[in-house]
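Source file: upload-v5.pdb. Holds: PDB, C-alpha atoms, pLDDT in the B column.
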```pdb
ATOM      1  CA  GLU A   4     105.983 114.637  84.657  1.00 65.00           C
ATOM      2  CA  ALA A   5     103.990 115.346  87.791  1.00 82.00           C
ATOM      3  CA  GLY A   6     104.155 112.718  90.512  1.00 93.00           C
ATOM      4  CA  VAL A   7     101.441 111.178  92.643  1.00 96.00           C
ATOM      5  CA  ALA A   8      99.681 113.869  94.657  1.00 96.00           C
ATOM      6  CA  GLN A   9      98.102 113.300  98.053  1.00 97.00           C
ATOM      7  CA  SER A  10      96.277 115.507 100.500  1.00 97.00           C
ATOM      8  CA  PRO A  11      96.214 116.362 103.264  1.00 97.00           C
ATOM      9  CA  ARG A  12      99.808 115.728 104.336  1.00 95.00           C
ATOM     10  CA  TYR A  13      98.932 115.583 108.025  1.00 97.00           C
ATOM     11  CA  LYS A  14      95.718 114.969 109.911  1.00 98.00           C
ATOM     12  CA  ILE A  15      94.972 114.715 113.621  1.00 98.00           C
ATOM     13  CA  ILE A  16      91.561 113.465 114.698  1.00 98.00           C
ATOM     14  CA  GLU A  17      89.947 111.984 117.780  1.00 98.00           C
ATOM     15  CA  LYS A  18      88.880 108.364 117.889  1.00 97.00           C
ATOM     16  CA  ARG A  19      85.421 107.689 116.501  1.00 97.00           C
ATOM     17  CA  GLN A  20      85.707 110.660 114.121  1.00 98.00           C
ATOM     18  CA  SER A  21      85.846 110.223 110.358  1.00 98.00           C
ATOM     19  CA  VAL A  22      88.589 111.227 107.941  1.00 98.00           C
ATOM     20  CA  ALA A  23      89.135 111.177 104.181  1.00 98.00           C
ATOM     21  CA  PHE A  24      92.304 111.118 102.124  1.00 98.00           C
ATOM     22  CA  TRP A  25      92.635 112.100  98.486  1.00 98.00           C
ATOM     23  CA  CYS A  26      95.002 110.824  95.801  1.00 97.00           C
ATOM     24  CA  ASN A  27      95.679 111.913  92.229  1.00 97.00           C
ATOM     25  CA  PRO A  28      97.854 109.370  90.394  1.00 96.00           C
ATOM     26  CA  ILE A  29     100.284 109.971  87.572  1.00 94.00           C
ATOM     27  CA  SER A  30      98.437 110.716  84.358  1.00 92.00           C
ATOM     28  CA  GLY A  31      97.783 107.576  82.344  1.00 89.00           C
ATOM     29  CA  HIS A  32      98.436 105.147  85.179  1.00 91.00           C
ATOM     30  CA  ALA A  33      95.618 102.633  85.207  1.00 90.00           C
ATOM     31  CA  THR A  34      96.419 100.987  88.533  1.00 92.00           C
ATOM     32  CA  LEU A  35      96.119 102.759  91.856  1.00 95.00           C
ATOM     33  CA  TYR A  36      96.995 101.415  95.297  1.00 95.00           C
ATOM     34  CA  TRP A  37      96.379 102.509  98.866  1.00 97.00           C
ATOM     35  CA  TYR A  38      98.828 101.321 101.518  1.00 97.00           C
ATOM     36  CA  GLN A  39      98.932 101.668 105.282  1.00 97.00           C
ATOM     37  CA  GLN A  40     102.380 102.066 106.836  1.00 95.00           C
ATOM     38  CA  ILE A  41     102.587 101.789 110.593  1.00 95.00           C
ATOM     39  CA  LEU A  42     105.695 103.261 112.209  1.00 92.00           C
ATOM     40  CA  GLY A  43     108.649 100.902 111.913  1.00 90.00           C
ATOM     41  CA  GLN A  44     106.996  98.603 109.398  1.00 92.00           C
ATOM     42  CA  GLY A  45     106.740  98.264 105.661  1.00 93.00           C
ATOM     43  CA  PRO A  46     103.685  99.366 103.689  1.00 95.00           C
ATOM     44  CA  LYS A  47     100.698  97.042 103.761  1.00 95.00           C
ATOM     45  CA  LEU A  48      98.360  97.002 100.790  1.00 95.00           C
ATOM     46  CA  LEU A  49      94.800  98.009 101.638  1.00 97.00           C
ATOM     47  CA  ILE A  50      93.182  98.159  98.208  1.00 96.00           C
ATOM     48  CA  GLN A  51      94.121  98.003  94.536  1.00 94.00           C
ATOM     49  CA  PHE A  52      92.129  99.560  91.684  1.00 93.00           C
ATOM     50  CA  GLN A  53      92.455  98.865  87.979  1.00 90.00           C
ATOM     51  CA  ASN A  54      90.849 101.885  86.292  1.00 88.00           C
ATOM     52  CA  ASN A  55      87.691 102.309  88.408  1.00 86.00           C
ATOM     53  CA  GLY A  56      87.301  98.663  89.383  1.00 91.00           C
ATOM     54  CA  VAL A  57      88.545  97.008  92.571  1.00 93.00           C
ATOM     55  CA  VAL A  58      91.131  94.283  91.941  1.00 90.00           C
ATOM     56  CA  ASP A  59      91.858  93.384  95.566  1.00 91.00           C
ATOM     57  CA  ASP A  60      90.507  94.714  98.838  1.00 94.00           C
ATOM     58  CA  SER A  61      91.113  91.616 100.933  1.00 93.00           C
ATOM     59  CA  GLN A  62      93.144  93.508 103.548  1.00 93.00           C
ATOM     60  CA  LEU A  63      90.808  96.487 103.803  1.00 96.00           C
ATOM     61  CA  PRO A  64      88.904  96.577 107.133  1.00 95.00           C
ATOM     62  CA  LYS A  65      85.578  97.052 105.442  1.00 95.00           C
ATOM     63  CA  ASP A  66      83.654  97.726 108.632  1.00 96.00           C
ATOM     64  CA  ARG A  67      85.385 101.096 108.876  1.00 97.00           C
ATOM     65  CA  PHE A  68      87.415 101.713 105.729  1.00 98.00           C
ATOM     66  CA  SER A  69      86.067 102.506 102.275  1.00 98.00           C
ATOM     67  CA  ALA A  70      87.666 103.635  99.035  1.00 97.00           C
ATOM     68  CA  GLU A  71      86.489 104.678  95.633  1.00 96.00           C
ATOM     69  CA  ARG A  72      87.895 105.662  92.283  1.00 94.00           C
ATOM     70  CA  LEU A  73      84.787 106.780  90.448  1.00 82.00           C
ATOM     71  CA  LYS A  74      86.154 108.043  87.127  1.00 86.00           C
ATOM     72  CA  GLY A  75      89.254 105.886  87.028  1.00 85.00           C
ATOM     73  CA  VAL A  76      91.539 108.759  87.995  1.00 92.00           C
ATOM     74  CA  ASP A  77      91.388 110.327  91.467  1.00 96.00           C
ATOM     75  CA  SER A  78      90.691 108.204  94.505  1.00 97.00           C
ATOM     76  CA  THR A  79      89.540 108.779  98.063  1.00 98.00           C
ATOM     77  CA  LEU A  80      90.086 106.592 101.115  1.00 98.00           C
ATOM     78  CA  LYS A  81      87.792 107.079 104.085  1.00 98.00           C
ATOM     79  CA  ILE A  82      87.915 105.860 107.657  1.00 98.00           C
ATOM     80  CA  GLN A  83      84.731 105.986 109.715  1.00 97.00           C
ATOM     81  CA  PRO A  84      84.930 105.692 112.677  1.00 97.00           C
ATOM     82  CA  ALA A  85      88.655 105.927 113.347  1.00 97.00           C
ATOM     83  CA  LYS A  86      90.395 103.869 116.020  1.00 97.00           C
ATOM     84  CA  LEU A  87      93.672 104.538 117.796  1.00 97.00           C
ATOM     85  CA  GLU A  88      95.350 101.716 115.860  1.00 97.00           C
ATOM     86  CA  ASP A  89      94.600 103.513 112.572  1.00 98.00           C
ATOM     87  CA  SER A  90      97.413 105.967 113.359  1.00 98.00           C
ATOM     88  CA  ALA A  91      99.778 105.466 110.431  1.00 97.00           C
ATOM     89  CA  VAL A  92     100.967 106.946 107.164  1.00 96.00           C
ATOM     90  CA  TYR A  93      98.597 106.283 104.282  1.00 97.00           C
ATOM     91  CA  LEU A  94     100.414 106.017 100.995  1.00 97.00           C
ATOM     92  CA  CYS A  95      98.934 106.161  97.533  1.00 97.00           C
ATOM     93  CA  ALA A  96     100.802 104.662  94.595  1.00 96.00           C
ATOM     94  CA  SER A  97     100.142 104.193  90.899  1.00 94.00           C
ATOM     95  CA  SER A  98     101.595 102.124  88.106  1.00 91.00           C
ATOM     96  CA  LEU A  99     101.273 101.326  84.436  1.00 85.00           C
ATOM     97  CA  SER A 100      99.878  97.832  84.201  1.00 71.00           C
ATOM     98  CA  PHE A 101      99.318  96.797  80.644  1.00 57.00           C
ATOM     99  CA  ASN A 102     101.522  94.661  78.442  1.00 53.00           C
ATOM    100  CA  LYS A 103     104.007  94.225  81.254  1.00 61.00           C
ATOM    101  CA  ASP A 104     104.698  91.291  83.500  1.00 60.00           C
ATOM    102  CA  ALA A 105     106.538  93.375  86.077  1.00 62.00           C
ATOM    103  CA  TYR A 106     106.358  97.042  86.917  1.00 82.00           C
ATOM    104  CA  GLU A 107     107.401  99.682  89.347  1.00 88.00           C
ATOM    105  CA  GLN A 108     105.082 101.648  91.552  1.00 92.00           C
ATOM    106  CA  TYR A 109     105.254 105.417  92.007  1.00 93.00           C
ATOM    107  CA  PHE A 110     104.385 106.637  95.483  1.00 95.00           C
ATOM    108  CA  GLY A 111     102.955 109.873  96.748  1.00 96.00           C
ATOM    109  CA  PRO A 112     104.331 111.632  99.861  1.00 94.00           C
ATOM    110  CA  GLY A 113     101.656 110.101 102.077  1.00 96.00           C
ATOM    111  CA  THR A 114      99.231 111.379 104.676  1.00 96.00           C
ATOM    112  CA  ARG A 115     100.307 111.022 108.287  1.00 96.00           C
ATOM    113  CA  LEU A 116      97.219 110.289 110.410  1.00 98.00           C
ATOM    114  CA  THR A 117      97.271 110.592 114.180  1.00 98.00           C
ATOM    115  CA  VAL A 118      94.226 109.346 116.073  1.00 98.00           C
ATOM    116  CA  THR A 119      94.024 110.550 119.686  1.00 97.00           C
TER     117      THR A 119
ATOM    118  CA  SER B  27     101.176  89.570 106.114  1.00 49.00           C
ATOM    119  CA  GLN B  28     104.640  90.668 105.005  1.00 56.00           C
ATOM    120  CA  GLN B  29     106.491  88.455 102.584  1.00 68.00           C
ATOM    121  CA  GLY B  30     110.014  89.816 102.723  1.00 74.00           C
ATOM    122  CA  GLU B  31     112.229  90.026 105.761  1.00 83.00           C
ATOM    123  CA  GLU B  32     115.172  92.386 105.529  1.00 86.00           C
ATOM    124  CA  ASP B  33     118.365  91.842 107.435  1.00 87.00           C
ATOM    125  CA  PRO B  34     119.836  93.624 109.279  1.00 93.00           C
ATOM    126  CA  GLN B  35     117.082  95.788 110.732  1.00 93.00           C
ATOM    127  CA  ALA B  36     119.561  98.636 111.135  1.00 95.00           C
ATOM    128  CA  LEU B  37     122.995  99.345 109.698  1.00 96.00           C
ATOM    129  CA  SER B  38     125.430 102.154 110.426  1.00 97.00           C
ATOM    130  CA  ILE B  39     128.485 102.760 108.240  1.00 97.00           C
ATOM    131  CA  GLN B  40     131.006 105.471 107.416  1.00 97.00           C
ATOM    132  CA  GLU B  41     130.736 107.472 104.236  1.00 97.00           C
ATOM    133  CA  GLY B  42     132.624 105.759 101.427  1.00 97.00           C
ATOM    134  CA  GLU B  43     132.066 102.251 102.764  1.00 98.00           C
ATOM    135  CA  ASN B  44     129.841  99.688 101.075  1.00 98.00           C
ATOM    136  CA  ALA B  45     126.458  98.748 102.529  1.00 97.00           C
ATOM    137  CA  THR B  46     124.882  95.333 102.073  1.00 97.00           C
ATOM    138  CA  MET B  47     121.361  94.444 103.079  1.00 97.00           C
ATOM    139  CA  ASN B  48     119.549  91.178 102.567  1.00 96.00           C
ATOM    140  CA  CYS B  49     115.991  90.115 101.941  1.00 95.00           C
ATOM    141  CA  SER B  50     114.454  86.687 102.394  1.00 95.00           C
ATOM    142  CA  TYR B  51     110.999  85.689 101.245  1.00 94.00           C
ATOM    143  CA  LYS B  52     108.760  82.665 101.537  1.00 92.00           C
ATOM    144  CA  THR B  53     106.722  82.030  98.404  1.00 89.00           C
ATOM    145  CA  SER B  54     107.413  81.983  94.674  1.00 90.00           C
ATOM    146  CA  ILE B  55     107.806  85.333  92.985  1.00 90.00           C
ATOM    147  CA  ASN B  56     108.045  86.697  89.459  1.00 88.00           C
ATOM    148  CA  ASN B  57     110.020  89.787  90.416  1.00 91.00           C
ATOM    149  CA  LEU B  58     111.647  91.489  93.400  1.00 94.00           C
ATOM    150  CA  GLN B  59     112.092  95.214  93.805  1.00 94.00           C
ATOM    151  CA  TRP B  60     113.997  97.481  96.168  1.00 96.00           C
ATOM    152  CA  TYR B  61     112.631 100.824  97.336  1.00 96.00           C
ATOM    153  CA  ARG B  62     114.140 103.633  99.402  1.00 97.00           C
ATOM    154  CA  GLN B  63     112.273 105.807 101.874  1.00 96.00           C
ATOM    155  CA  ASN B  64     113.826 108.949 103.296  1.00 91.00           C
ATOM    156  CA  SER B  65     112.593 110.195 106.643  1.00 78.00           C
ATOM    157  CA  GLY B  66     109.059 111.489 106.359  1.00 65.00           C
ATOM    158  CA  ARG B  67     108.790 110.922 102.617  1.00 71.00           C
ATOM    159  CA  GLY B  68     107.239 108.445 100.225  1.00 80.00           C
ATOM    160  CA  LEU B  69     108.964 105.465  98.701  1.00 93.00           C
ATOM    161  CA  VAL B  70     111.160 105.683  95.632  1.00 95.00           C
ATOM    162  CA  HIS B  71     111.751 102.731  93.327  1.00 94.00           C
ATOM    163  CA  LEU B  72     115.436 101.782  93.025  1.00 96.00           C
ATOM    164  CA  ILE B  73     115.713  98.611  91.001  1.00 95.00           C
ATOM    165  CA  LEU B  74     113.688  95.639  89.770  1.00 93.00           C
ATOM    166  CA  ILE B  75     115.026  92.125  89.191  1.00 94.00           C
ATOM    167  CA  ARG B  76     112.979  89.411  87.538  1.00 92.00           C
ATOM    168  CA  SER B  77     112.864  85.824  88.756  1.00 92.00           C
ATOM    169  CA  ASN B  78     114.904  84.628  85.745  1.00 93.00           C
ATOM    170  CA  GLU B  79     117.713  87.112  86.460  1.00 96.00           C
ATOM    171  CA  ARG B  80     120.554  86.599  88.925  1.00 97.00           C
ATOM    172  CA  GLU B  81     122.197  89.987  89.111  1.00 98.00           C
ATOM    173  CA  LYS B  82     121.430  93.540  88.105  1.00 97.00           C
ATOM    174  CA  HIS B  83     123.301  96.842  88.345  1.00 97.00           C
ATOM    175  CA  SER B  84     122.156 100.439  88.413  1.00 96.00           C
ATOM    176  CA  GLY B  85     124.770 103.085  89.143  1.00 97.00           C
ATOM    177  CA  ARG B  86     126.166 102.339  92.617  1.00 97.00           C
ATOM    178  CA  LEU B  87     123.528  99.673  93.243  1.00 98.00           C
ATOM    179  CA  ARG B  88     123.975  95.959  92.718  1.00 98.00           C
ATOM    180  CA  VAL B  89     121.164  93.508  93.339  1.00 98.00           C
ATOM    181  CA  THR B  90     121.391  89.736  93.362  1.00 98.00           C
ATOM    182  CA  LEU B  91     118.580  87.206  93.440  1.00 97.00           C
ATOM    183  CA  ASP B  92     118.808  83.544  94.413  1.00 97.00           C
ATOM    184  CA  THR B  93     115.419  81.956  93.854  1.00 95.00           C
ATOM    185  CA  SER B  94     116.598  78.580  95.159  1.00 96.00           C
ATOM    186  CA  LYS B  95     117.332  80.192  98.522  1.00 96.00           C
ATOM    187  CA  LYS B  96     114.466  82.684  98.227  1.00 95.00           C
ATOM    188  CA  SER B  97     116.800  85.546  98.988  1.00 96.00           C
ATOM    189  CA  SER B  98     118.092  88.792  97.519  1.00 97.00           C
ATOM    190  CA  SER B  99     120.785  91.269  98.458  1.00 97.00           C
ATOM    191  CA  LEU B 100     121.223  94.968  97.770  1.00 98.00           C
ATOM    192  CA  LEU B 101     124.750  96.376  97.705  1.00 98.00           C
ATOM    193  CA  ILE B 102     125.337 100.124  97.744  1.00 98.00           C
ATOM    194  CA  THR B 103     128.933 100.935  96.907  1.00 98.00           C
ATOM    195  CA  ALA B 104     130.839 104.047  98.014  1.00 98.00           C
ATOM    196  CA  SER B 105     128.005 105.182 100.261  1.00 98.00           C
ATOM    197  CA  ARG B 106     127.163 108.847 100.754  1.00 97.00           C
ATOM    198  CA  ALA B 107     125.381 110.679 103.561  1.00 95.00           C
ATOM    199  CA  ALA B 108     122.456 111.136 101.165  1.00 94.00           C
ATOM    200  CA  ASP B 109     121.991 107.340 101.103  1.00 96.00           C
ATOM    201  CA  THR B 110     120.743 107.513 104.693  1.00 96.00           C
ATOM    202  CA  ALA B 111     117.228 106.065 104.477  1.00 96.00           C
ATOM    203  CA  SER B 112     115.157 102.947 105.019  1.00 96.00           C
ATOM    204  CA  TYR B 113     115.400 100.322 102.302  1.00 97.00           C
ATOM    205  CA  PHE B 114     112.574  97.907 101.578  1.00 96.00           C
ATOM    206  CA  CYS B 115     112.421  94.834  99.436  1.00 96.00           C
ATOM    207  CA  ALA B 116     109.096  94.105  97.774  1.00 95.00           C
ATOM    208  CA  THR B 117     108.097  90.880  96.084  1.00 93.00           C
ATOM    209  CA  GLY B 118     105.756  90.638  93.134  1.00 88.00           C
ATOM    210  CA  ALA B 119     103.856  87.450  92.374  1.00 80.00           C
ATOM    211  CA  GLY B 120     101.188  88.536  89.939  1.00 71.00           C
ATOM    212  CA  SER B 121      98.153  90.825  89.750  1.00 68.00           C
ATOM    213  CA  TYR B 122     100.585  93.772  89.782  1.00 76.00           C
ATOM    214  CA  GLN B 123     100.769  93.614  93.573  1.00 84.00           C
ATOM    215  CA  LEU B 124     103.800  94.015  95.773  1.00 89.00           C
ATOM    216  CA  THR B 125     104.352  92.725  99.292  1.00 91.00           C
ATOM    217  CA  PHE B 126     106.844  94.748 101.314  1.00 94.00           C
ATOM    218  CA  GLY B 127     109.204  93.718 104.078  1.00 92.00           C
ATOM    219  CA  LYS B 128     109.841  95.684 107.271  1.00 92.00           C
ATOM    220  CA  GLY B 129     112.932  97.396 105.913  1.00 94.00           C
ATOM    221  CA  THR B 130     116.556  98.038 106.808  1.00 95.00           C
ATOM    222  CA  LYS B 131     117.378 101.412 108.313  1.00 95.00           C
ATOM    223  CA  LEU B 132     120.713 102.599 106.897  1.00 97.00           C
ATOM    224  CA  SER B 133     122.688 105.425 108.491  1.00 97.00           C
ATOM    225  CA  VAL B 134     125.708 106.761 106.616  1.00 97.00           C
ATOM    226  CA  ILE B 135     127.951 108.833 108.861  1.00 96.00           C
ATOM    227  CA  PRO B 136     129.828 111.677 107.134  1.00 93.00           C
TER     228      PRO B 136
END
```
Structure re-expressed in structure tokens:
Amino acid sequence: EAGVAQSPRYKIIEKRQSVAFWCNPISGHATLYWYQQILGQGPKLLIQFQNNGVVDDSQLPKDRFSAERLKGVDSTLKIQPAKLEDSAVYLCASSLSFNKDAYEQYFGPGTRLTVT
Amino acid sequence: SQQGEEDPQALSIQEGENATMNCSYKTSINNLQWYRQNSGRGLVHLILIRSNEREKHSGRLRVTLDTSKKSSSLLITASRAADTASYFCATGAGSYQLTFGKGTKLSVIP
């Protein structure tokens, strides 16, 4: 089966510019996650969707970050305007989340963002 | 905030040796998972252990969980150069969310 797809793989922008990342989860996976991974650290959850609804966005900096999953499949994460500290790898993951009390997440290859 | 703390931060061993890395966490969980991340790539799920389990095996991997001490360990036996990667523990406490630690960087020298 096809894995989680993300694009672009790399992006370099100047501070105050905007950027968007795209994610296509594994077919049939109802839950989609966006993580931020700063160099040398573990992934930090930014937002979690269940179908096209937001389950948790408590760690999303909403003054500059936004995300949507309009049809319950693909998702986009946007940063506007970007700051230097947004330089990180942005990972998308998906999981099956029904009739299970524990689950594994499947990750895409990530988008490496450099803000100069 | 990050729930799990892996120890050691970095580990270097010879091929064929066993590698052990530990994870401690702070709050109650219903499952703990280990993931591997090769350089420049996404994370890959290795193994999941539920809070009512004490030990689990998968191939060359052995995971233990001690909920009274809020700790877990991952043992990789007969390591290979291809095991070189960062290993993360992730705790699950509901709502299908995981909280990741900072990871252990494992280097296996051929």
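Here atom CA of A:Arg72 stands at a distance of 25.0 Å from atom CA of A:Glu88.
Using all atoms listed in the file, the contacts of A:Val22 at a cut-off of 8 Å, with sequence neighbours closer than 3 positions omitted, comprise Ile16, Lys81, Ile82, Gln83 and Ala85 of chain A.
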### Within 12 Å of file point (98.2, 117.4, 92.4), counting all atoms listed in the file, expressed as a PyMOL selection string
chain A and resi 4-11+25-30+76-77+111-112
Find the spatial neighbours of stretch 55-59 of chain B, counting all atoms listed in the file, within a cut-off of 8 Å - ignore same-chain residues fewer than 3 positions away - and output them as an mmCIF file with C-alpha atoms, keeping the file's coordinate frame.
```cif
data_model
loop_
_atom_site.group_PDB
_atom_site.id
_atom_site.type_symbol
_atom_site.label_atom_id
_atom_site.label_comp_id
_atom_site.auth_asym_id
_atom_site.auth_seq_id
_atom_site.Cartn_x
_atom_site.Cartn_y
_atom_site.Cartn_z
ATOM 1 C CA ALA A 105 106.538 93.375 86.077
ATOM 2 C CA GLU A 107 107.401 99.682 89.347
ATOM 3 C CA HIS B 71 111.751 102.731 93.327
ATOM 4 C CA LEU B 72 115.436 101.782 93.025
ATOM 5 C CA ILE B 73 115.713 98.611 91.001
ATOM 6 C CA LEU B 74 113.688 95.639 89.770
ATOM 7 C CA ILE B 75 115.026 92.125 89.191
ATOM 8 C CA ARG B 76 112.979 89.411 87.538
ATOM 9 C CA SER B 77 112.864 85.824 88.756
ATOM 10 C CA CYS B 115 112.421 94.834 99.436
ATOM 11 C CA ALA B 116 109.096 94.105 97.774
ATOM 12 C CA THR B 117 108.097 90.880 96.084
ATOM 13 C CA GLY B 118 105.756 90.638 93.134
ATOM 14 C CA ALA B 119 103.856 87.450 92.374
ATOM 15 C CA GLY B 120 101.188 88.536 89.939
#
```
Go through chain B and flag each residue having an atom no more than 6 Å from chain A; for those, report the closest pair of atoms plus their distance in Å to one decimal, using all atoms listed in the file, ordered by chain and rising number, as CSV.
```
residue,atom,partner,partner_atom,distance
B:Arg67,CA,A:Pro112,CA,5.3
B:Gly68,CA,A:Pro112,CA,4.3
B:Leu69,CA,A:Phe110,CA,5.7
B:Phe126,CA,A:Gly45,CA,5.6
B:Gly127,CA,A:Gly45,CA,5.4
B:Lys128,CA,A:Gly45,CA,4.3
```
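Residues selected in this file by the PyMOL selection byres ((chain B and resi 85) around 12) comprise Leu72, Ile73, Lys82, His83, Ser84, Arg86, Leu87, Arg88, Val89, Leu101, Ile102, Thr103, Ala104 and Ser105 of chain B.
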